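> Sharing a structure here in structure tokens format.
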Number of protein chains: 2
Amino acid sequence: MSSATIRDVAERAGVSISTVSRVLNDTARVTHTKRKRVLEAAEFLGYAPNPAARTLLSKQTSSLGVLLPFVSGEFFSELLHSLDTAAQDAGYFLLISTSHRHRDEFRAARMMLEKRVDGLIVMAPELRPREAQVLASASEPVVFINTDAEGLPFDTVNFDNRGGSYALTSHLLELGHCNIGIIRGPDGAKDADQRLTGFHLALAEAGITPRPEWILMGEYTLEAGYEVAKPLFAQPKHPTALLCANDYCAAGAIRAAHEAGLRVPDDLSVVGFDGLPSTLYTQPPLTTARVPINLVGHTAISLLLDRIDEGVADHTPARHVVPVEVLVRASTAPPPGV
Amino acid sequence: MSSATIRDVAERAGVSISTVSRVLNDTARVTHTKRKRVLEAAEFLGYAPNPAARTLLSKQTSSLGVLLPFVSGEFFSELLHSLDTAAQDAGYFLLISTSHRHRDEFRAARMMLEKRVDGLIVMAPELRPREAQVLASASEPVVFINTDAEGLPFDTVNFDNRGGSYALTSHLLELGHCNIGIIRGPDGAKDADQRLTGFHLALAEAGITPRPEWILMGEYTLEAGYEVAKPLFAQPKHPTALLCANDYCAAGAIRAAHEAGLRVPDDLSVVGFDGLPSTLYTQPPLTTARVPINLVGHTAISLLLDRIDEGVADHTPARHVVPVEVLVRASTAPPPGV
DNA sequence: AACCCCTTTGAAAAGGTTTTCAGATGTGGT
DNA sequence: ACCACATCTGAAAACCTTTTCAAAGGGGTT
């Protein structure tokens, strides 16, 4: 039972297909009687317009593409949820495509998505602007989330990585910490760089020179936090406070600390980043910087829809920076002996 | 610069559009020289076939729909990731649509997805088979994940909720617990019912009659775990072990326990469900039942693709039940005084 | 040299919709 | 009774591709 077409409706209603189209899209006036007949016929046949035919003509897909490097953890769930909510409200679907870490995968994905979406949301902090250039030829509008678009004509919605990191570091300094370490995010990731900058900035203002051996390369995962922190605590002298790449990384570091016999926050203060819901329920509840993920998602969709409506006019790219809020909880305390 | 069509390629190569199509789809033999000219022209113009036109003709969208009640937490991230990986390998995109809790929203979503996807993955444990009936008229194949499809012609991939719960309860019994409570998942959710059944089964086998006041209605969230557990621990007599709806719920319950001055596992054993990565990093690491989410996702996609290829033949629905594995960690111990 | 068959090619149709254009119908004014 | 005009309707084109069908051309065989 292949489904009804506009022809079937027209036939059943005894009108032309043009009239059916007009009634269903409310695009021109139609006599009351015919309108009624059309609506009845459409209802009876369970008619729904074929999206492919519509797209072919109108060039609108009512889908938005979402390009993500990977999907893991609560952060992405929340982001995806807010994107979907906003998109759905506007009558769009989300076409997602993940696992694009390198330029070639990225280009491939973008090509596949071509003509399949009306716009693109891209989150790829590890992608450099030069590499992101492959998107520049996209015919659809593009909005970047937490991704560097220096020199590219894309709107961006970033969160204040530097400011958040600066505020977290300041918090530790105020508690009296002088020996602060950091597990930074992956090399080449813009957000990780910005967070490191905030760290350095706060330290510099306090007149403290950071120890290079306490600037550790990590990743946004539990495992990375654990693996990187473990050897650190085996050293005779280690920091009394630790900034972590994100909340997961912090959870890993805390576990390593526990295993090394360190109490958090008595012996060691730990802070995360992202402010995931579950950090309120860790032991101890984590001090972290809350990223308003919902706001990020909604803003991104809203910008994208604007661009879609206006066409890709030569509109100077919007650069949104959403603030992050430090949540002081129980994983931070003055250093031991103070 | 609206992009090139097959006509442009044909013109530039000096052949007919049929020939271009044949070369690009490798669907018939074409002289070497013409083939070369076509490929060059296509390359030069950056030609990519228009998916809408293709879909209109072939009736294949190369997209799969994913219908979820909500998206939250690591579980969904992981599920979505495995679905996307499997789909991408097969050349499909994922069109996701979330937040469908009630039948009407469900029907609306299904209608919107009609003709837009080649198949549907549905996870909606709270949807009863009668309500899921609205999908029965779908022209595309449907695969259910962790959802009851009793009497419906859909393949299902469920995990062993009952078995997992049974095994967790047995574990607690073996440790010597007699006073075991449970925070069950939402009313009407099939998976929650099954887990409760497993709980009852293990208790019955041990000759223990569960106390009704220790069977608590909860949800799959941190907050619910916390809110439900809090009054429980305020009672003069409370269980020495607690099964929770899932890992998040368990984390909330543990927090409530801590606040009530109870040590986990010394005074209270707690178990979760799902086996999320982060449960290894909670304090104490959580005893839980690991659901092989990756396997679930891959199996579901694989089944769906089979159905898409074979057509919706009258094939008896597959009923996959993937086993869950109990991970014994540090949140469980013998009851106090044993 | 004639015939047949096989390979290669292009023209055209089909898929389902929206939209333009022109025709038909009906109304009001003179 | 006639004309101008507004309103409503249908035919046809356009969107871009795949596929069928028939024609054309070439090579081998008798």
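Please note that chains go A, B, ... in the order of the structure tokens, that every chain numbers its residues from 1, and that ligands are numbered from 1 in the order shown.
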What residues in chain A lie within 12 Å of chain C, counting only C-alpha atoms (C1' of nucleotides), written as a ChimeraX atom specification?
/A:3-8,17-22,24-25,27-28,48-59
> May I have a table of the residues of chain B lying at most 6 Å from chain A, giving each one's closest pair of atoms and their distance in Å to one decimal, counting only C-alpha atoms, ordered by chain and ascending residue number, as CSV?

residue,atom,partner,partner_atom,distance
B:Ala52,CA,A:Ala52,CA,4.9
B:Ala53,CA,A:Leu56,CA,5.9
B:Leu56,CA,A:Ala52,CA,5.4
B:Val71,CA,A:His81,CA,5.8
B:Ser72,CA,A:Ser77,CA,5.1
B:Gly73,CA,A:Glu74,CA,4.5
B:Glu74,CA,A:Gly73,CA,4.5
B:Ser77,CA,A:Ser72,CA,5.1
B:His81,CA,A:Val71,CA,5.8
B:Leu94,CA,A:Leu95,CA,5.7
B:Leu95,CA,A:Leu95,CA,4.6
B:Ile96,CA,A:Leu94,CA,5.7
B:Gln283,CA,A:Gln283,CA,5.5
> Should the cut-off be 7 Å, what would the residue list for chain D against chain A look like, counting only C-alpha atoms (C1' of nucleotides), as an MDAnalysis selection string?
chainID D and resid 8 10 15
> Can you tell me, as a PyMOL selection string, which residues in range 103-303 of chain B count as strand (DSSP E) by DSSP?
chain B and resi 119-122+142-145+155-159+180-184+215-217+241-243+269-271+288-290
> Do you know which residues are at most 9 Å from Leu305 in chain B counting only C-alpha atoms (C1' of nucleotides), after dropping those on the same chain fewer than 5 positions away, and could you put them as a list in words?
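The neighbour list is Ala87, Ala90, Asp118, Gly119, Pro141, Ala300 and Glu310 of chain B.
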> Please list as JSON, numbers by chain every residue within 7 Å of range 323-331 of chain B, counting only C-alpha atoms (C1' of nucleotides) and excluding residues in the same chain fewer than 6 positions away.
{"B": [159, 160, 164, 167, 168, 264, 265, 269, 270, 271, 284, 285, 286, 287, 288, 289, 290, 291, 292]}
> Provide the CA of Leu173 in chain B to CA of Pro336 in chain B distance in Å, to one decimal place.
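About the pair CA of Leu173 in chain B and CA of Pro336 in chain B: they are 13.6 Å apart.
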> Counting only C-alpha atoms (C1' of nucleotides), what is within 6 Å of Asn158 in chain B, bar same-chain residues fewer than 2 positions away, as a list in words?
Ile145, Asn146 and Val321 of chain B
> I need the residues from that last selection saved to file as an mmCIF file, in the first residue's frame (with N, CA and C atoms), if you can.

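Okay, this is what ended up in out.cif:
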data_model
loop_
_atom_site.group_PDB
_atom_site.id
_atom_site.type_symbol
_atom_site.label_atom_id
_atom_site.label_comp_id
_atom_site.auth_asym_id
_atom_site.auth_seq_id
_atom_site.Cartn_x
_atom_site.Cartn_y
_atom_site.Cartn_z
ATOM 1 N N ILE B 145 14.138 -0.692 20.874
ATOM 2 C CA ILE B 145 15.198 -0.930 21.849
ATOM 3 C C ILE B 145 14.605 -0.775 23.237
ATOM 4 N N ASN B 146 14.817 -1.776 24.057
ATOM 5 C CA ASN B 146 14.370 -1.733 25.454
ATOM 6 C C ASN B 146 12.917 -1.266 25.571
ATOM 7 N N VAL B 321 17.638 -10.472 23.346
ATOM 8 C CA VAL B 321 17.831 -10.059 24.729
ATOM 9 C C VAL B 321 19.324 -10.110 25.003
#
> Grab the CA of Ala260 in chain B to CA of Asp247 in chain B distance for me, in Å with one decimal place.
19.8 Å
> Tell me which protein, DNA and RNA residues are within 12 Å of Leu175 in chain A, counting only C-alpha atoms (C1' of nucleotides), leaving out same-chain ones fewer than 4 positions away, and put them as a list in words.
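The residues satisfying every condition are Leu168, Thr169, Ser170, His171, Asn179, Ile180, Thr240, Ala241, Pro265, Leu268, Ser269, Val328, Thr332, Ala333, Pro334, Pro335, Pro336 and Val338 of chain A.
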> Give me the residues within 10 Å of Leu152 in chain A as a list of chain:residue names, counting only C-alpha atoms (C1' of nucleotides) and dropping any in the same chain fewer than 3 places off.
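In the requested form, the answer reads A:Pro129, A:Arg130, A:Ala132, A:Gln133, A:Leu135, A:Ala136, A:Asp148, A:Ala149, A:Asp155, A:Thr156, A:Pro317.
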> So which residues of range 25-256 of chain B fall under alpha helix (DSSP H) by DSSP, listed as a PyMOL selection string?
chain B and resi 25+32-45+51-58+73-89+103-113+129-132+161-174+190-205+222-234+247-256
> Got time to write the residues from that selection, C-alpha atoms, as a short mmCIF file (atom, residue, chain, number, x, y, z; two decimals), in the first residue's frame?

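Generated output (again00.cif):
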data_model
loop_
_atom_site.label_atom_id
_atom_site.label_comp_id
_atom_site.auth_asym_id
_atom_site.auth_seq_id
_atom_site.Cartn_x
_atom_site.Cartn_y
_atom_site.Cartn_z
CA ASN B 25 26.77 4.95 -10.77
CA HIS B 32 36.74 4.57 -22.00
CA THR B 33 37.13 8.01 -23.57
CA LYS B 34 33.65 9.17 -22.65
CA ARG B 35 33.95 7.78 -19.17
CA LYS B 36 37.12 9.78 -18.72
CA ARG B 37 35.56 12.96 -20.04
CA VAL B 38 32.60 12.56 -17.71
CA LEU B 39 34.76 11.97 -14.68
CA GLU B 40 36.86 15.00 -15.49
CA ALA B 41 33.84 17.20 -15.98
CA ALA B 42 32.27 16.00 -12.75
CA GLU B 43 35.48 16.60 -10.88
CA PHE B 44 35.92 20.03 -12.39
CA LEU B 45 32.40 21.13 -11.56
CA PRO B 51 19.77 13.57 -2.85
CA ALA B 52 16.20 14.80 -3.12
CA ALA B 53 15.93 13.92 -6.78
CA ARG B 54 17.47 10.58 -6.08
CA THR B 55 15.11 9.89 -3.23
CA LEU B 56 12.13 10.91 -5.28
CA LEU B 57 12.96 8.24 -7.77
CA SER B 58 14.52 5.48 -5.72
CA GLY B 73 23.07 11.35 30.62
CA GLU B 74 25.81 9.06 29.51
CA PHE B 75 23.51 6.25 28.56
CA PHE B 76 22.04 8.11 25.64
CA SER B 77 25.36 9.47 24.54
CA GLU B 78 26.71 6.00 24.36
CA LEU B 79 23.64 4.62 22.65
CA LEU B 80 23.58 7.39 20.10
CA HIS B 81 27.24 6.94 19.47
CA SER B 82 26.91 3.25 18.76
CA LEU B 83 23.86 3.80 16.58
CA ASP B 84 25.66 6.45 14.60
CA THR B 85 28.78 4.39 14.17
CA ALA B 86 26.85 1.43 12.86
CA ALA B 87 24.66 3.58 10.65
CA GLN B 88 27.57 5.47 9.22
CA ASP B 89 29.37 2.26 8.35
CA ARG B 103 1.05 8.94 22.24
CA ASP B 104 0.09 12.09 20.42
CA GLU B 105 3.61 13.45 20.32
CA PHE B 106 4.68 10.06 19.19
CA ARG B 107 2.22 9.94 16.37
CA ALA B 108 3.14 13.43 15.28
CA ALA B 109 6.81 12.57 15.21
CA ARG B 110 6.18 9.41 13.27
CA MET B 111 4.15 11.30 10.70
CA MET B 112 6.81 13.91 10.29
CA LEU B 113 9.39 11.22 9.77
CA PRO B 129 2.24 -1.79 23.07
CA ARG B 130 -1.24 -0.47 22.46
CA GLU B 131 0.10 3.01 22.12
CA ALA B 132 3.00 1.85 20.03
CA ASN B 161 16.44 -6.19 32.93
CA ARG B 162 14.95 -8.96 34.95
CA GLY B 163 18.07 -11.09 34.92
CA GLY B 164 20.28 -8.16 35.82
CA SER B 165 18.09 -7.17 38.70
CA TYR B 166 17.87 -10.77 39.83
CA ALA B 167 21.64 -11.11 39.79
CA LEU B 168 22.16 -7.87 41.69
CA THR B 169 19.65 -8.89 44.32
CA SER B 170 21.28 -12.31 44.62
CA HIS B 171 24.60 -10.62 45.13
CA LEU B 172 23.16 -8.67 48.05
CA LEU B 173 21.55 -11.77 49.51
CA GLU B 174 24.82 -13.65 49.30
CA LYS B 190 8.45 -1.76 31.02
CA ASP B 191 12.10 -1.91 31.93
CA ALA B 192 11.34 -0.75 35.46
CA ASP B 193 8.67 -3.43 35.79
CA GLN B 194 11.07 -6.11 34.64
CA ARG B 195 13.72 -5.01 37.08
CA LEU B 196 11.21 -5.11 39.89
CA THR B 197 10.24 -8.62 38.85
CA GLY B 198 13.85 -9.76 39.04
CA PHE B 199 14.09 -8.27 42.49
CA HIS B 200 10.98 -10.08 43.68
CA LEU B 201 12.08 -13.31 42.13
CA ALA B 202 15.43 -13.38 43.93
CA LEU B 203 13.80 -12.45 47.19
CA ALA B 204 11.14 -15.10 46.83
CA GLU B 205 13.76 -17.75 46.16
CA LEU B 222 20.08 11.84 40.30
CA GLU B 223 17.47 14.10 41.80
CA ALA B 224 14.88 11.36 42.06
CA GLY B 225 17.34 9.05 43.78
CA TYR B 226 18.19 11.73 46.27
CA GLU B 227 14.64 12.84 46.94
CA VAL B 228 13.26 9.36 47.32
CA ALA B 229 16.09 8.05 49.49
CA LYS B 230 16.18 10.99 51.85
CA PRO B 231 12.91 10.29 53.70
CA LEU B 232 13.73 6.59 53.72
CA PHE B 233 16.85 7.15 55.80
CA ALA B 234 14.95 9.41 58.15
CA ASP B 247 23.29 4.39 38.17
CA TYR B 248 22.21 8.00 38.40
CA CYS B 249 19.48 7.16 40.82
CA ALA B 250 22.05 5.27 42.87
CA ALA B 251 24.36 8.27 42.97
CA GLY B 252 21.51 10.37 44.31
CA ALA B 253 20.69 7.76 46.92
CA ILE B 254 24.31 7.58 48.02
CA ARG B 255 24.36 11.29 48.50
CA ALA B 256 21.24 11.11 50.63
#
> I'd like the interatomic distance between CA of Leu295 in chain A and CA of Met123 in chain A, to a tenth of an Å.
15.0 Å
